[in-house]
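run21.cif (mmCIF, C-alpha atoms and all ligand atoms) appears below.
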```cif
data_entry
#
loop_
_atom_site.label_atom_id
_atom_site.label_comp_id
_atom_site.auth_asym_id
_atom_site.auth_seq_id
_atom_site.Cartn_x
_atom_site.Cartn_y
_atom_site.Cartn_z
CA MET A 1 10.41 4.74 -9.90
CA LYS A 2 8.15 3.90 -6.95
CA ILE A 3 5.12 1.83 -7.84
CA ILE A 4 2.18 0.36 -5.93
CA MET A 5 0.25 -2.58 -7.40
CA LEU A 6 -3.45 -2.52 -6.55
CA GLY A 7 -6.01 -5.18 -7.35
CA ALA A 8 -8.15 -7.94 -5.92
CA PRO A 9 -6.62 -11.20 -4.68
CA GLY A 10 -5.63 -13.11 -7.79
CA ALA A 11 -5.83 -10.10 -10.11
CA GLY A 12 -2.23 -10.70 -11.16
CA LYS A 13 -0.39 -8.19 -8.95
CA GLY A 14 2.43 -10.64 -8.23
CA THR A 15 2.69 -11.79 -11.85
CA GLN A 16 3.02 -8.21 -13.11
CA ALA A 17 5.18 -6.96 -10.22
CA LYS A 18 7.82 -9.61 -11.01
CA LYS A 19 7.91 -8.51 -14.66
CA ILE A 20 8.15 -4.83 -13.66
CA ALA A 21 10.97 -5.58 -11.20
CA ALA A 22 12.93 -7.46 -13.89
CA LYS A 23 12.44 -4.86 -16.65
CA TYR A 24 13.14 -1.74 -14.58
CA ASP A 25 15.68 -3.41 -12.27
CA ILE A 26 14.00 -2.48 -8.99
CA PRO A 27 13.13 -4.73 -6.01
CA HIS A 28 9.75 -6.51 -5.87
CA ILE A 29 8.37 -6.20 -2.35
CA SER A 30 5.42 -8.51 -1.67
CA THR A 31 4.04 -8.42 1.87
CA GLY A 32 2.26 -11.73 1.21
CA ASP A 33 5.59 -13.33 0.20
CA ILE A 34 7.30 -11.85 3.28
CA PHE A 35 4.61 -13.34 5.54
CA ARG A 36 4.74 -16.74 3.78
CA ALA A 37 8.54 -16.81 4.21
CA ASN A 38 8.08 -16.05 7.92
CA ILE A 39 5.49 -18.81 8.24
CA LYS A 40 7.83 -21.27 6.53
CA ASN A 41 10.67 -20.28 8.88
CA GLY A 42 8.42 -20.51 11.96
CA THR A 43 9.11 -16.94 13.15
CA GLU A 44 6.94 -15.11 15.71
CA LEU A 45 5.70 -12.78 12.95
CA GLY A 46 4.85 -15.80 10.80
CA LYS A 47 2.86 -17.44 13.62
CA LYS A 48 0.86 -14.27 14.21
CA ALA A 49 0.25 -13.63 10.50
CA LYS A 50 -0.84 -17.20 9.75
CA THR A 51 -3.88 -17.05 12.03
CA TYR A 52 -5.24 -14.14 9.96
CA MET A 53 -4.11 -15.32 6.53
CA ASP A 54 -5.66 -18.77 6.86
CA GLN A 55 -9.03 -17.12 7.51
CA GLY A 56 -8.69 -14.79 4.53
CA LEU A 57 -8.42 -11.79 6.88
CA LEU A 58 -5.89 -8.97 6.76
CA VAL A 59 -2.95 -9.06 9.13
CA PRO A 60 -3.28 -6.07 11.54
CA ASP A 61 -1.78 -2.81 10.23
CA GLU A 62 0.74 -2.56 13.08
CA LEU A 63 2.39 -5.85 12.00
CA VAL A 64 2.77 -4.64 8.40
CA VAL A 65 3.60 -0.94 8.32
CA ASP A 66 6.99 -0.89 10.10
CA LEU A 67 8.08 -3.93 8.15
CA VAL A 68 7.48 -2.21 4.81
CA VAL A 69 8.84 1.17 5.90
CA ASP A 70 12.08 -0.55 7.04
CA ARG A 71 12.28 -2.46 3.78
CA VAL A 72 11.88 0.57 1.49
CA ASN A 73 14.60 2.38 3.44
CA GLN A 74 17.17 -0.24 2.50
CA GLU A 75 19.96 0.59 0.08
CA ASP A 76 18.63 -1.49 -2.84
CA CYS A 77 15.43 0.61 -2.87
CA SER A 78 17.25 3.86 -3.63
CA ASN A 79 16.20 3.78 -7.31
CA GLY A 80 12.64 2.75 -6.51
CA TYR A 81 10.65 -0.43 -5.94
CA VAL A 82 7.37 -2.11 -6.73
CA LEU A 83 5.07 -2.77 -3.77
CA ASP A 84 2.77 -5.79 -4.20
CA GLY A 85 0.03 -6.27 -1.60
CA PHE A 86 0.81 -3.09 0.35
CA PRO A 87 -0.86 -0.78 1.20
CA ARG A 88 -4.11 -2.64 1.67
CA THR A 89 -5.99 -0.27 3.98
CA ILE A 90 -6.34 3.51 4.16
CA PRO A 91 -4.30 3.67 7.42
CA GLN A 92 -1.48 1.73 5.69
CA ALA A 93 -1.55 4.16 2.75
CA GLU A 94 -1.47 7.15 5.09
CA ALA A 95 1.42 5.67 7.07
CA LEU A 96 3.36 5.05 3.84
CA ASP A 97 2.73 8.59 2.58
CA LYS A 98 3.90 9.99 5.89
CA ALA A 99 7.07 7.88 5.94
CA LEU A 100 7.88 8.97 2.37
CA ALA A 101 7.09 12.62 3.11
CA ASP A 102 9.54 12.51 6.04
CA LEU A 103 12.21 11.55 3.48
CA GLY A 104 11.05 14.20 1.01
CA GLN A 105 9.79 11.49 -1.36
CA LYS A 106 6.48 10.46 -2.87
CA MET A 107 4.95 7.53 -4.72
CA ASP A 108 5.00 7.77 -8.54
CA TYR A 109 2.32 5.33 -9.70
CA ALA A 110 -0.50 3.21 -8.26
CA ILE A 111 -1.45 0.65 -10.91
CA ASP A 112 -4.81 -1.02 -10.47
CA VAL A 113 -5.00 -4.42 -12.19
CA ASP A 114 -8.73 -4.60 -12.78
CA VAL A 115 -10.38 -8.05 -12.81
CA PRO A 116 -14.05 -8.80 -11.94
CA ASP A 117 -14.79 -11.23 -9.10
CA GLU A 118 -16.18 -13.93 -11.45
CA ASN A 119 -12.79 -14.32 -13.18
CA ILE A 120 -10.91 -14.38 -9.87
CA VAL A 121 -12.60 -17.43 -8.41
CA ASN A 122 -11.71 -19.45 -11.55
CA ARG A 123 -8.12 -18.30 -11.51
CA MET A 124 -7.33 -19.03 -7.89
CA GLY A 125 -8.29 -22.69 -8.00
CA GLY A 126 -5.71 -23.16 -10.78
CA ARG A 127 -2.85 -21.28 -9.16
CA ARG A 128 0.08 -23.36 -7.93
CA ALA A 129 3.00 -22.06 -5.86
CA CYS A 130 6.46 -23.58 -5.49
CA VAL A 131 7.36 -24.68 -1.95
CA GLY A 132 11.03 -23.94 -2.71
CA CYS A 133 11.36 -20.58 -4.47
CA GLY A 134 7.79 -19.26 -4.30
CA ALA A 135 7.37 -19.02 -8.09
CA THR A 136 3.72 -18.89 -9.17
CA TYR A 137 2.12 -20.91 -11.97
CA HIS A 138 -1.36 -21.67 -13.24
CA LEU A 139 -2.62 -25.06 -14.38
CA VAL A 140 -4.12 -23.53 -17.54
CA PHE A 141 -2.72 -20.00 -18.02
CA ALA A 142 0.90 -20.51 -16.91
CA PRO A 143 1.62 -24.27 -16.81
CA THR A 144 4.98 -25.78 -15.84
CA LYS A 145 6.90 -28.00 -18.29
CA GLU A 146 6.46 -30.99 -15.98
CA GLU A 147 3.20 -31.20 -14.02
CA GLY A 148 3.55 -30.39 -10.31
CA ILE A 149 7.27 -29.51 -10.55
CA CYS A 150 8.74 -25.98 -10.49
CA ASP A 151 10.48 -24.99 -13.76
CA THR A 152 12.96 -22.82 -11.85
CA CYS A 153 14.09 -24.93 -8.89
CA GLY A 154 12.60 -28.41 -9.43
CA LYS A 155 10.67 -28.47 -6.14
CA GLU A 156 7.05 -29.45 -5.59
CA LEU A 157 4.07 -27.17 -6.35
CA ILE A 158 1.17 -26.73 -3.93
CA LEU A 159 -2.22 -25.01 -3.72
CA ARG A 160 -1.85 -22.10 -1.26
CA ASP A 161 -3.84 -22.66 1.97
CA ASP A 162 -5.78 -19.46 1.36
CA ASP A 163 -6.66 -20.40 -2.25
CA LYS A 164 -9.38 -22.85 -1.20
CA PRO A 165 -12.70 -21.60 -2.69
CA GLU A 166 -14.38 -20.60 0.60
CA THR A 167 -11.32 -18.57 1.67
CA VAL A 168 -11.05 -16.91 -1.75
CA GLN A 169 -14.61 -15.58 -1.38
CA LYS A 170 -13.75 -14.24 2.07
CA ARG A 171 -10.62 -12.54 0.71
CA LEU A 172 -12.69 -10.92 -2.03
CA ASN A 173 -15.14 -9.56 0.55
CA VAL A 174 -12.27 -8.20 2.64
CA TYR A 175 -10.79 -6.65 -0.52
CA HIS A 176 -14.01 -4.80 -1.37
CA GLU A 177 -14.44 -3.55 2.19
CA GLN A 178 -10.91 -2.58 3.15
CA THR A 179 -8.69 -2.30 0.06
CA GLN A 180 -10.88 -1.02 -2.77
CA PRO A 181 -11.19 2.45 -1.11
CA LEU A 182 -7.50 2.89 -2.01
CA ILE A 183 -8.51 3.30 -5.66
CA GLU A 184 -10.22 6.57 -4.80
CA TYR A 185 -7.38 7.51 -2.44
CA TYR A 186 -4.76 7.26 -5.21
CA SER A 187 -7.09 8.73 -7.81
CA LYS A 188 -7.38 11.84 -5.63
CA ALA A 189 -3.59 11.83 -5.26
CA GLY A 190 -3.39 11.95 -9.07
CA ILE A 191 -1.23 8.82 -9.49
CA LEU A 192 -3.83 6.12 -10.25
CA LYS A 193 -3.52 4.15 -13.52
CA THR A 194 -5.89 1.33 -14.37
CA VAL A 195 -5.12 -1.64 -16.64
CA ASP A 196 -7.47 -4.39 -17.80
CA GLY A 197 -6.29 -7.52 -15.96
CA THR A 198 -8.58 -9.95 -17.78
CA VAL A 199 -6.46 -10.18 -20.94
CA ASP A 200 -3.37 -12.35 -21.52
CA MET A 201 -0.64 -11.64 -18.90
CA ASN A 202 1.81 -10.41 -21.57
CA ASP A 203 -0.77 -7.93 -22.85
CA VAL A 204 -1.40 -6.72 -19.29
CA PHE A 205 2.34 -6.14 -19.00
CA GLN A 206 2.46 -4.23 -22.30
CA ALA A 207 -0.28 -1.91 -21.01
CA ILE A 208 1.83 -1.29 -17.89
CA VAL A 209 4.97 -0.58 -19.96
CA ASP A 210 2.93 1.90 -22.01
CA ILE A 211 2.25 3.74 -18.73
CA LEU A 212 5.73 3.52 -17.19
CA GLY A 213 7.69 4.08 -20.40
CA GLU A 214 10.26 1.84 -22.15
P1 LIG B 1 -1.05 -11.78 -0.90
O1 LIG B 1 -0.03 -12.80 -1.06
O2 LIG B 1 -0.72 -10.37 -1.26
O3 LIG B 1 -2.36 -12.26 -1.65
P2 LIG B 1 -3.49 -11.49 -2.48
O4 LIG B 1 -3.54 -10.01 -2.51
O5 LIG B 1 -4.72 -12.13 -2.03
O6 LIG B 1 -3.08 -11.67 -3.90
P3 LIG B 1 -2.57 -12.96 -4.54
O7 LIG B 1 -1.11 -13.13 -4.30
O8 LIG B 1 -3.49 -14.07 -4.17
O9 LIG B 1 -2.85 -12.61 -6.08
P4 LIG B 1 -2.02 -11.77 -7.12
O10 LIG B 1 -2.80 -10.53 -7.46
O11 LIG B 1 -0.59 -11.59 -6.72
O12 LIG B 1 -2.15 -12.74 -8.37
P5 LIG B 1 -1.08 -13.68 -9.08
O13 LIG B 1 -0.13 -12.85 -9.89
O14 LIG B 1 -0.52 -14.69 -8.17
O15 LIG B 1 -1.57 -11.77 0.61
C1 LIG B 1 -1.95 -12.95 1.27
C2 LIG B 1 -2.46 -12.63 2.65
O16 LIG B 1 -1.42 -11.99 3.42
C3 LIG B 1 -3.63 -11.65 2.72
O17 LIG B 1 -4.87 -12.28 2.55
C4 LIG B 1 -3.44 -11.07 4.13
O18 LIG B 1 -3.90 -11.95 5.11
C5 LIG B 1 -1.93 -10.99 4.27
N1 LIG B 1 -1.40 -9.69 3.85
C6 LIG B 1 -0.54 -9.45 2.82
N2 LIG B 1 -0.26 -8.14 2.72
C7 LIG B 1 -0.97 -7.52 3.71
C8 LIG B 1 -1.11 -6.16 4.11
N3 LIG B 1 -0.49 -5.15 3.48
N4 LIG B 1 -1.93 -5.89 5.18
C9 LIG B 1 -2.57 -6.88 5.83
N5 LIG B 1 -2.49 -8.19 5.50
C10 LIG B 1 -1.69 -8.51 4.44
O19 LIG B 1 -2.07 -14.38 -10.13
C11 LIG B 1 -3.08 -15.28 -9.68
C12 LIG B 1 -3.15 -16.49 -10.62
O20 LIG B 1 -3.65 -16.08 -11.88
C13 LIG B 1 -1.78 -17.14 -10.90
O21 LIG B 1 -1.93 -18.52 -10.98
C14 LIG B 1 -1.36 -16.53 -12.25
O22 LIG B 1 -0.53 -17.43 -12.97
C15 LIG B 1 -2.69 -16.31 -12.93
N6 LIG B 1 -2.73 -15.11 -13.76
C16 LIG B 1 -2.13 -13.91 -13.51
N7 LIG B 1 -2.39 -13.03 -14.50
C17 LIG B 1 -3.22 -13.69 -15.38
C18 LIG B 1 -3.85 -13.31 -16.62
N8 LIG B 1 -3.71 -12.08 -17.14
N9 LIG B 1 -4.63 -14.26 -17.23
C19 LIG B 1 -4.78 -15.50 -16.70
N10 LIG B 1 -4.19 -15.91 -15.55
C20 LIG B 1 -3.43 -15.01 -14.90
MG MG B 2 0.53 -12.23 -5.02
#
```
Please rewrite the model in this file as structure tokens.
Ligand code: AP5
Ligand code: MG
Amino acid sequence: MKIIMLGAPGAGKGTQAKKIAAKYDIPHISTGDIFRANIKNGTELGKKAKTYMDQGLLVPDELVVDLVVDRVNQEDCSNGYVLDGFPRTIPQAEALDKALADLGQKMDYAIDVDVPDENIVNRMGGRRACVGCGATYHLVFAPTKEEGICDTCGKELILRDDDKPETVQKRLNVYHEQTQPLIEYYSKAGILKTVDGTVDMNDVFQAIVDILGE
């Protein structure tokens, strides 16, 4: 099962992609997580990506496409995968379709997690990410047992650099300009499914399971 998660920054793509990956036993591939890991490790890719990410801009397509195409060709992706944060532009979607077509494959589902901008700005200020394992929490909607400490690995939680309010607004603008056109792209391809992302995260997941099957 090959799945793309669509949705604005903070819509809950990562939250739902992790649940999908666990339930259906397929890899969760988040381009944002891959870039953040590269930044943490000080790689060349990380240095390049950071200059764009900190401004709320997209990393150029040529830095993203080969990375994802290589990743989905790995052995553990043979039964499918869930892509989170990719594709994010029409050229990325076209490059993915072409790479899959060359292998005689195609995407099965594009799931749009639909959340209006007003809700997003509130959510992002409350998100906290673990510096150790990258787990994501929310001060109100997904709190840790002990404040500021990751439930999974015990390391410290931080506010992501790009979750500051002025950068969130910029990311939303970039989303509407460059990523939202993908909704029509996948609708035309006949694989678009939309779920209401404003409800409780477990109810969002149930709506996704209803689409993908038990
Ligand atoms: P990326 O890491 O992908 O960020 P994003 O798309 O902006 O999305 P987020 O991770 O911020 O949100 P999410 O939808 O995963 O929400 P989450 O589940 O965490 O990308 C970062 C940057 O990398 C980009 O800006 C760009 O520069 C670059 N980049 C990445 N991919 C790229 C690409 N393909 N091309 C070019 N550049 C690229 O949830 C958010 C919060 O809400 C959490 O705290 C969560 O606990 C909470 N929450 C989730 N669901 C609910 C719910 N139902 N109710 C209440 N709270 C909820
Ligand atoms: Mg995410």
Got a sec to check which residues sit within 12 Å of (-7.3, -6.6, -16.2), counting all atoms listed in the file, and write them as a ChimeraX atom specification?
/A:6-8,10-13,16,111-117,119-120,193-208
Would you name the residues within 8 Å of ligand MG 2 (chain B), counting all atoms listed in the file, and put them as an NGL selection string?
:A and (9-10 or 12-15 or 30 or 32-33 or 84-85)
Shell of 8 Å around Thr136 in chain A, all atoms listed in the file, local chain residues under 4 positions omitted, as a ChimeraX atom specification
/A:15,127-130
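Shortest atom-to-atom contact with Arg71 in chain A among A:Asn173, A:Thr31, A:Thr152, A:Thr89: A:Thr31, counting only C-alpha atoms.
For the pair CA of Asp108 in chain A and CA of Ile4 in chain A, the interatomic distance is 8.3 Å.
Among the candidate residues A:Ala110, A:Val72, A:Ala17, A:Leu157, the one lying nearest to Ile211 in chain A is A:Ala110, with distances computed using all atoms listed in the file.
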What is the distance between CA of Lys47 in chain A and CA of Tyr175 in chain A, in Å to one decimal?
22.4 Å
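Atom pair CA of Asn79 in chain A / CA of Ile20 in chain A has a distance of 13.4 Å (rounded to one decimal).
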Find the residue from A:Asp25, A:Glu75, A:Asp61, A:Glu94 that sits nearest to ligand LIG 1 (chain B); use only C-alpha atoms and all ligand atoms when measuring.
A:Asp61
Which residues come within 8 Å of Ile29 in chain A, counting only C-alpha atoms, excluding same-chain residues fewer than 5 positions away, as a ChimeraX atom specification?
/A:81-84
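Residue nearest ligand LIG 1 (chain B), chosen from A:Leu57, A:Leu103, A:Cys77, A:Ile183 and counting all atoms listed in the file: A:Leu57.
In terms of minimum interatomic distance to Val174 in chain A, A:Leu58 ranks closest within A:Leu63, A:Met124, A:Leu58, A:Val131, counting only C-alpha atoms.
Minimum distance to His176 in chain A across A:Leu67, A:Tyr137, A:Arg36, A:Arg88 (counting only C-alpha atoms) occurs at A:Arg88.
Counting all atoms listed in the file, Ile191 in chain A has the following residues at most 6 Å away, ignoring those fewer than 2 positions along the same chain: Tyr109, Ala110, Tyr186 and Ala189 of chain A.
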Because the input lacks atoms here, generate all heavy atoms for range 115-126 of chain A and report them as an mmCIF file, in the frame of the given file.
```cif
data_model
loop_
_atom_site.group_PDB
_atom_site.id
_atom_site.type_symbol
_atom_site.label_atom_id
_atom_site.label_comp_id
_atom_site.auth_asym_id
_atom_site.auth_seq_id
_atom_site.Cartn_x
_atom_site.Cartn_y
_atom_site.Cartn_z
ATOM 1 N N VAL A 115 -9.803 -6.751 -12.420
ATOM 2 C CA VAL A 115 -10.380 -8.050 -12.810
ATOM 3 C C VAL A 115 -11.678 -8.270 -12.009
ATOM 4 O O VAL A 115 -11.657 -8.152 -10.779
ATOM 5 C CB VAL A 115 -9.411 -9.220 -12.500
ATOM 6 C CG1 VAL A 115 -10.012 -10.564 -12.865
ATOM 7 C CG2 VAL A 115 -8.083 -9.044 -13.228
ATOM 8 N N PRO A 116 -12.806 -8.565 -12.688
ATOM 9 C CA PRO A 116 -14.050 -8.800 -11.940
ATOM 10 C C PRO A 116 -13.991 -10.085 -11.096
ATOM 11 O O PRO A 116 -13.254 -11.016 -11.424
ATOM 12 C CB PRO A 116 -15.118 -8.949 -13.036
ATOM 13 C CG PRO A 116 -14.452 -8.738 -14.339
ATOM 14 C CD PRO A 116 -12.971 -8.687 -14.137
ATOM 15 N N ASP A 117 -14.801 -10.101 -10.038
ATOM 16 C CA ASP A 117 -14.790 -11.230 -9.100
ATOM 17 C C ASP A 117 -14.998 -12.591 -9.777
ATOM 18 O O ASP A 117 -14.379 -13.574 -9.373
ATOM 19 C CB ASP A 117 -15.904 -11.051 -8.044
ATOM 20 C CG ASP A 117 -15.562 -9.972 -7.022
ATOM 21 O OD1 ASP A 117 -14.582 -9.247 -7.234
ATOM 22 O OD2 ASP A 117 -16.295 -9.869 -6.019
ATOM 23 N N GLU A 118 -15.874 -12.640 -10.803
ATOM 24 C CA GLU A 118 -16.180 -13.930 -11.450
ATOM 25 C C GLU A 118 -14.895 -14.583 -11.973
ATOM 26 O O GLU A 118 -14.689 -15.793 -11.822
ATOM 27 C CB GLU A 118 -17.131 -13.789 -12.653
ATOM 28 C CG GLU A 118 -18.413 -13.035 -12.399
ATOM 29 C CD GLU A 118 -18.219 -11.522 -12.454
ATOM 30 O OE1 GLU A 118 -18.232 -10.956 -13.555
ATOM 31 O OE2 GLU A 118 -18.055 -10.925 -11.366
ATOM 32 N N ASN A 119 -14.032 -13.774 -12.615
ATOM 33 C CA ASN A 119 -12.790 -14.320 -13.180
ATOM 34 C C ASN A 119 -11.841 -14.805 -12.084
ATOM 35 O O ASN A 119 -11.112 -15.774 -12.260
ATOM 36 C CB ASN A 119 -12.022 -13.250 -13.972
ATOM 37 C CG ASN A 119 -12.826 -12.668 -15.099
ATOM 38 O OD1 ASN A 119 -14.009 -12.397 -14.925
ATOM 39 N ND2 ASN A 119 -12.213 -12.462 -16.254
ATOM 40 N N ILE A 120 -11.865 -14.090 -10.943
ATOM 41 C CA ILE A 120 -10.910 -14.380 -9.870
ATOM 42 C C ILE A 120 -11.095 -15.788 -9.325
ATOM 43 O O ILE A 120 -10.131 -16.533 -9.161
ATOM 44 C CB ILE A 120 -11.115 -13.387 -8.701
ATOM 45 C CG1 ILE A 120 -10.928 -11.953 -9.161
ATOM 46 C CG2 ILE A 120 -10.249 -13.746 -7.508
ATOM 47 C CD1 ILE A 120 -9.559 -11.428 -9.192
ATOM 48 N N VAL A 121 -12.348 -16.147 -9.059
ATOM 49 C CA VAL A 121 -12.600 -17.430 -8.410
ATOM 50 C C VAL A 121 -12.066 -18.560 -9.308
ATOM 51 O O VAL A 121 -11.425 -19.498 -8.821
ATOM 52 C CB VAL A 121 -14.098 -17.590 -8.087
ATOM 53 C CG1 VAL A 121 -14.372 -18.921 -7.426
ATOM 54 C CG2 VAL A 121 -14.566 -16.453 -7.178
ATOM 55 N N ASN A 122 -12.249 -18.438 -10.625
ATOM 56 C CA ASN A 122 -11.710 -19.450 -11.550
ATOM 57 C C ASN A 122 -10.195 -19.516 -11.508
ATOM 58 O O ASN A 122 -9.608 -20.588 -11.494
ATOM 59 C CB ASN A 122 -12.111 -19.113 -13.000
ATOM 60 C CG ASN A 122 -13.577 -19.340 -13.225
ATOM 61 O OD1 ASN A 122 -14.208 -20.118 -12.496
ATOM 62 N ND2 ASN A 122 -14.139 -18.668 -14.211
ATOM 63 N N ARG A 123 -9.580 -18.343 -11.478
ATOM 64 C CA ARG A 123 -8.120 -18.300 -11.510
ATOM 65 C C ARG A 123 -7.464 -18.926 -10.299
ATOM 66 O O ARG A 123 -6.469 -19.621 -10.407
ATOM 67 C CB ARG A 123 -7.667 -16.845 -11.527
ATOM 68 C CG ARG A 123 -7.489 -16.308 -12.879
ATOM 69 C CD ARG A 123 -6.804 -14.993 -12.738
ATOM 70 N NE ARG A 123 -7.039 -14.235 -13.935
ATOM 71 C CZ ARG A 123 -6.568 -13.029 -14.127
ATOM 72 N NH1 ARG A 123 -5.863 -12.448 -13.193
ATOM 73 N NH2 ARG A 123 -6.817 -12.414 -15.251
ATOM 74 N N MET A 124 -8.030 -18.642 -9.119
ATOM 75 C CA MET A 124 -7.330 -19.030 -7.890
ATOM 76 C C MET A 124 -7.255 -20.526 -7.714
ATOM 77 O O MET A 124 -6.266 -21.033 -7.206
ATOM 78 C CB MET A 124 -8.018 -18.421 -6.679
ATOM 79 C CG MET A 124 -8.098 -16.951 -6.755
ATOM 80 S SD MET A 124 -6.503 -16.257 -6.767
ATOM 81 C CE MET A 124 -6.540 -15.575 -5.143
ATOM 82 N N GLY A 125 -8.306 -21.229 -8.143
ATOM 83 C CA GLY A 125 -8.290 -22.690 -8.000
ATOM 84 C C GLY A 125 -7.187 -23.318 -8.830
ATOM 85 O O GLY A 125 -6.707 -24.408 -8.508
ATOM 86 N N GLY A 126 -6.752 -22.614 -9.894
ATOM 87 C CA GLY A 126 -5.710 -23.160 -10.780
ATOM 88 C C GLY A 126 -4.316 -22.699 -10.437
ATOM 89 O O GLY A 126 -3.338 -23.162 -11.024
#
```
